[in-house]
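The block underneath contains the structure these notes are about, expressed in structure tokens.
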Amino acid sequence: MGVCEARRMSMNRVSKAAELLGALRQSCDTGFVAALHIRFTRPLVMYRTYPQAWCDHYDLNGLVVSDPSVRWGFCNTGAIHWDDTALDDPAGVIAAARSFGVANGVTVSVGPATSRSLAGLSRASGRFGAAEVQHLVGLVETLHLVLDGIEDEDGPELRALRALGGPAA
């Protein structure tokens with residue numbers, strides 16, 4: 001593959017990721033997080049659009065270790081609503097999210113255990129319906145596939161993909 005072809009493929013990947021993130025933003029008016037290609041405990045790329053106050057609270061209190069939707073996502077693939085009784089939440093993470101305006105959520109988990117992608121998606125207008133959840137699963141699966149095969153973790157393509165999420169991505 002020549003340099004020009006490699007650049008074109010890279011730009012296609014970045015523009016497709018931007019398109020998919022735009023679709024997630026439209027569906028999730030109170031925000032989302034997408035941690036893509038998690039290997040061991042670290043995602044290759046993470047996008048977060050939740051309110052900053054919730055992100056700060058979540059990070060400051062280390063809620064990722066007690067978040068039932070994250071735990072579910074590492075053990076399962078598919079989608080689960082945050083109000084599903086299968087999500088055991090003794091630490092009250094979901095209630096805390098609700099108090100910051102992050103509610104009516106669904107978690108999507110795709111990919112193999114060795115390179116899992118998780119997304120937490122929320123909106124103000126009420127619970128996502130079954131067709132909407134399938135649409136969200138499709139967006140997250142496609143985003144997972146678009147980022148598949150990136151090897152150079154310090155390369156310009158990955159920097160461009162990370163920049164799609166803003167300064168904290």
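Just so we're on the same page: first chain in the structure tokens is A, next is B, and so on; residues restart at 1 for each chain, and ligands are numbered from 1 in the order they show up.
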
**Study point:** Spatial neighbours of stretch 63-76 of chain A, 12 Å, only C-alpha atoms, chain gap at least 5 places, as a ChimeraX atom specification
**Key:** /A:33-41,54-58,81-97,105-121

Restricting it to C-alpha atoms, dump the selection as a compact mmCIF listing (two decimals), in the first residue's frame.
# COMPACT_ATOMS: atom_id res chain seq x y z
CA VAL A 33 -19.30 7.47 27.04
CA ALA A 34 -17.72 5.11 24.52
CA ALA A 35 -14.60 3.23 25.60
CA LEU A 36 -13.37 1.44 22.50
CA HIS A 37 -11.12 -1.58 22.21
CA ILE A 38 -10.45 -2.02 25.91
CA ARG A 39 -7.40 -4.22 26.29
CA PHE A 40 -6.76 -5.30 29.85
CA THR A 41 -8.19 -2.18 31.56
CA TRP A 54 -20.94 14.08 36.47
CA CYS A 55 -17.58 13.16 34.90
CA ASP A 56 -15.73 14.90 37.72
CA HIS A 57 -17.86 13.19 40.40
CA TYR A 58 -17.47 9.78 38.72
CA HIS A 81 -31.09 -0.75 30.31
CA TRP A 82 -29.77 0.85 33.48
CA ASP A 83 -33.08 0.19 35.22
CA ASP A 84 -32.84 -3.57 34.55
CA THR A 85 -32.97 -5.50 37.83
CA ALA A 86 -30.02 -7.64 36.63
CA LEU A 87 -27.76 -4.64 37.34
CA ASP A 88 -26.93 -4.96 41.02
CA ASP A 89 -25.95 -1.46 42.17
CA PRO A 90 -25.17 -1.47 45.91
CA ALA A 91 -22.92 1.61 45.52
CA GLY A 92 -25.75 3.65 43.99
CA VAL A 93 -23.85 4.64 40.83
CA ILE A 94 -26.97 4.74 38.66
CA ALA A 95 -28.88 6.82 41.23
CA ALA A 96 -25.90 9.18 41.44
CA ALA A 97 -25.86 9.53 37.65
CA GLY A 105 -29.53 4.92 30.09
CA VAL A 106 -28.52 1.82 28.27
CA THR A 107 -25.15 0.11 28.19
CA VAL A 108 -23.90 -1.51 25.00
CA SER A 109 -21.05 -4.03 24.98
CA VAL A 110 -19.52 -5.41 21.77
CA GLY A 111 -16.41 -7.26 20.66
CA PRO A 112 -14.33 -10.07 22.07
CA ALA A 113 -13.23 -10.06 25.71
CA THR A 114 -9.66 -9.31 24.58
CA SER A 115 -10.70 -6.07 22.88
CA ARG A 116 -14.13 -5.13 24.25
CA SER A 117 -15.92 -1.85 23.51
CA LEU A 118 -18.42 -0.44 26.01
CA ALA A 119 -20.79 2.48 25.68
CA GLY A 120 -23.08 4.07 28.23
CA LEU A 121 -25.78 6.12 26.50

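Residue-level DSSP output for stretch 113-160 of chain A, from the backbone, shows strand (DSSP E) at Arg116, Ser117, Leu118, Ala119, Gly120, Leu121 and Ser122 of chain A.
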
Expected file contents, prior selection, N, CA and C atoms, as an mmCIF file, in the first residue's frame:
data_model
loop_
_atom_site.group_PDB
_atom_site.id
_atom_site.type_symbol
_atom_site.label_atom_id
_atom_site.label_comp_id
_atom_site.auth_asym_id
_atom_site.auth_seq_id
_atom_site.Cartn_x
_atom_site.Cartn_y
_atom_site.Cartn_z
ATOM 1 N N ARG A 116 -12.725 -5.485 24.060
ATOM 2 C CA ARG A 116 -14.134 -5.132 24.246
ATOM 3 C C ARG A 116 -14.339 -3.637 24.075
ATOM 4 N N SER A 117 -15.497 -3.253 23.559
ATOM 5 C CA SER A 117 -15.917 -1.851 23.513
ATOM 6 C C SER A 117 -17.209 -1.710 24.301
ATOM 7 N N LEU A 118 -17.249 -0.713 25.172
ATOM 8 C CA LEU A 118 -18.416 -0.442 26.007
ATOM 9 C C LEU A 118 -18.901 0.976 25.758
ATOM 10 N N ALA A 119 -20.220 1.146 25.789
ATOM 11 C CA ALA A 119 -20.786 2.484 25.679
ATOM 12 C C ALA A 119 -21.929 2.603 26.664
ATOM 13 N N GLY A 120 -21.960 3.716 27.369
ATOM 14 C CA GLY A 120 -23.079 4.072 28.227
ATOM 15 C C GLY A 120 -23.767 5.255 27.571
ATOM 16 N N LEU A 121 -25.061 5.139 27.310
ATOM 17 C CA LEU A 121 -25.783 6.124 26.501
ATOM 18 C C LEU A 121 -27.023 6.575 27.257
ATOM 19 N N SER A 122 -27.277 7.881 27.294
ATOM 20 C CA SER A 122 -28.416 8.371 28.068
ATOM 21 C C SER A 122 -29.129 9.499 27.342
#

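Shortest atom-to-atom contact with A:Leu158 among A:Val45, A:Asn61, A:Gly129, A:Thr142: A:Val45, counting only C-alpha atoms.
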
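Shortest atom-to-atom contact with A:Ala23 among A:Leu136, A:Ile150, A:Met46, A:Ala53: A:Leu136, counting only C-alpha atoms.
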
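Taking atom CA of A:Tyr50 and atom CA of A:Glu151 as endpoints, the distance between them is 28.4 Å.
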
Practice item. Write out as a VMD selection string each polymer residue whose atoms come within 10 Å of A:Leu139, counting only C-alpha atoms; drop sequence neighbours fewer than 5 positions from it. Key: chain A and resid 17 19 to 21 23 to 24 108 133 to 134 144 to 145

May I have the selected residues written with N, CA and C atoms, as a PDB file, in the first residue's frame?
ATOM      1  N   ALA A  17     -15.685   7.671  11.860  1.00  0.00           N
ATOM      2  CA  ALA A  17     -15.818   7.751  13.319  1.00  0.00           C
ATOM      3  C   ALA A  17     -16.537   9.045  13.712  1.00  0.00           C
ATOM      4  N   GLU A  19     -18.697  10.710  11.953  1.00  0.00           N
ATOM      5  CA  GLU A  19     -20.104  10.539  11.574  1.00  0.00           C
ATOM      6  C   GLU A  19     -20.857   9.713  12.626  1.00  0.00           C
ATOM      7  N   LEU A  20     -20.253   8.633  13.074  1.00  0.00           N
ATOM      8  CA  LEU A  20     -20.883   7.760  14.069  1.00  0.00           C
ATOM      9  C   LEU A  20     -21.033   8.469  15.412  1.00  0.00           C
ATOM     10  N   LEU A  21     -20.013   9.206  15.816  1.00  0.00           N
ATOM     11  CA  LEU A  21     -20.088   9.969  17.066  1.00  0.00           C
ATOM     12  C   LEU A  21     -21.180  11.031  16.981  1.00  0.00           C
ATOM     13  N   ALA A  23     -23.936  10.772  15.261  1.00  0.00           N
ATOM     14  CA  ALA A  23     -25.206  10.054  15.408  1.00  0.00           C
ATOM     15  C   ALA A  23     -25.471   9.710  16.873  1.00  0.00           C
ATOM     16  N   LEU A  24     -24.427   9.332  17.612  1.00  0.00           N
ATOM     17  CA  LEU A  24     -24.593   9.059  19.041  1.00  0.00           C
ATOM     18  C   LEU A  24     -24.989  10.334  19.785  1.00  0.00           C
ATOM     19  N   VAL A 108     -24.131  -0.638  26.144  1.00  0.00           N
ATOM     20  CA  VAL A 108     -23.897  -1.513  24.998  1.00  0.00           C
ATOM     21  C   VAL A 108     -22.487  -2.067  25.124  1.00  0.00           C
ATOM     22  N   VAL A 133     -32.624   0.964  20.819  1.00  0.00           N
ATOM     23  CA  VAL A 133     -31.482   0.236  21.387  1.00  0.00           C
ATOM     24  C   VAL A 133     -30.748  -0.502  20.273  1.00  0.00           C
ATOM     25  N   GLN A 134     -31.477  -1.144  19.377  1.00  0.00           N
ATOM     26  CA  GLN A 134     -30.821  -1.853  18.267  1.00  0.00           C
ATOM     27  C   GLN A 134     -30.040  -0.887  17.384  1.00  0.00           C
ATOM     28  N   HIS A 144     -16.772   0.282  16.754  1.00  0.00           N
ATOM     29  CA  HIS A 144     -15.792  -0.733  17.158  1.00  0.00           C
ATOM     30  C   HIS A 144     -15.048  -1.266  15.933  1.00  0.00           C
ATOM     31  N   LEU A 145     -15.781  -1.578  14.876  1.00  0.00           N
ATOM     32  CA  LEU A 145     -15.161  -2.114  13.651  1.00  0.00           C
ATOM     33  C   LEU A 145     -14.296  -1.081  12.951  1.00  0.00           C
TER      34      LEU A 145
END

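From atom CA of A:Gly78 back to atom CA of A:Arg159, the distance works out to 28.5 Å.
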
Point to revise | Contacts of A:Leu161 within 12 Å, only C-alpha atoms, excl. fewer than 3 positions in-chain, as a VMD selection string | key: chain A and resid 10 to 21 36 44 to 47 143 146 to 147 150 153 to 158 164 to 167 169

Practice item. Within chain A, find each residue whose DSSP state, derived from the backbone, is alpha helix (DSSP H), and express the selection as a count of residues only. Key: 74

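Nearest residue to A:Gly138 among A:Arg42, A:Gln26, A:Ala79, A:Gln52 is A:Ala79, counting only C-alpha atoms.
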
Point to revise | Between atom CA of A:Arg25 and atom CA of A:Ala131 - distance in Å to one decimal | key: 17.2 Å

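For the choices A:Thr77, A:Ser99, A:Asn104, A:Ser125, the atom-to-atom distance to A:Pro51 is smallest for A:Ser99 when using only C-alpha atoms.
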